[in-house]
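Undergrad: Can you keep this structure in mind? I'll have questions shortly.
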Amino acid sequence: MGVIMEINYSEEDKYYLAKKKVENIKGFYANLTSFIGVNIILIIINLWTSPEYLWFFWPLLWWGVGVLFHGLKVFEVFPVLGKGWEERKIKEFMEKEKENKNKWQ
């Protein structure tokens, strides 16, 4: 029993959502920039101090996984991570709550 509701946004709501998306994209690029800069420094430190053991790979790998998932979420590559999915779930829960209230009145 799926509830499909048309979401009608006001201009103010549309502006807020667009602004939020831009902030999320900026946050991703800040994360990506930090990832690149810090890992370049870690590679240099590793190669300078102990080139026989390449430990820089581990922070690069795990932070890289985090950056990858951040990007997938921000750019809505997977629908379950995207804004549309969140909005549909919110509306679905609101409808269920409304139905439950009506049931007891």
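Chain lettering (A, B, ...) mirrors the order of the structure tokens, residue numbering begins at 1 for each chain separately, and ligand numbering begins at 1 in order of display.
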Which residues are close to stretch 55-66 of chain A, i.e. within 8 Å by only C-alpha atoms, leaving aside same-chain residues fewer than 4 positions away? Reply as a ChimeraX atom specification.

TA: /A:35,39,42-43,46,70

Undergrad: With 10 Å as the cut-off and only C-alpha atoms counted, what is the closest atom pair between each nearby residue of stretch 72-103 of chain A and stretch 15-28 of chain A? Distances in Å to one decimal, ordered by chain and number, as JSON lines.

TA:
{"residue": "A:Leu72", "atom": "CA", "partner": "A:Phe28", "partner_atom": "CA", "distance": 9.9}
{"residue": "A:Lys73", "atom": "CA", "partner": "A:Asn24", "partner_atom": "CA", "distance": 9.3}
{"residue": "A:Val74", "atom": "CA", "partner": "A:Ile25", "partner_atom": "CA", "distance": 6.2}
{"residue": "A:Phe75", "atom": "CA", "partner": "A:Ile25", "partner_atom": "CA", "distance": 7.7}
{"residue": "A:Lys83", "atom": "CA", "partner": "A:Lys21", "partner_atom": "CA", "distance": 9.1}

Undergrad: One decimal, Å: what's the distance from atom CA of A:Ser10 over to atom CA of A:Asn102, could you say?

TA: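 Atom-to-atom, atom CA of A:Ser10 and atom CA of A:Asn102 are spaced 27.4 Å apart.
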
Undergrad: Just the helix (DSSP H, G or I) stuff from stretch 1-102 of chain A, please, per backbone DSSP, written as JSON, numbers by chain.

TA: {"A": [11, 12, 13, 14, 15, 16, 17, 18, 19, 20, 21, 22, 23, 24, 25, 26, 27, 28, 29, 30, 31, 32, 33, 34, 35, 36, 37, 38, 39, 40, 41, 42, 43, 44, 45, 46, 47, 48, 49, 57, 58, 59, 60, 61, 62, 63, 64, 65, 66, 67, 68, 69, 70, 71, 72, 73, 74, 79, 80, 81, 83, 84, 85, 86, 87, 88, 89, 90, 91, 92, 93, 94, 95, 96, 97, 98, 99, 100, 101, 102]}

Undergrad: In Å, how far is it from atom CA of A:Ile36 to atom CA of A:Val67?

TA: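 Separation between atom CA of A:Ile36 and atom CA of A:Val67: 10.3 Å.
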
Undergrad: Calculate how many Å separate atom CA of A:Lys89 from atom CA of A:Ala30, rounding to one decimal.

TA: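 These two atoms are separated by 29.1 Å.
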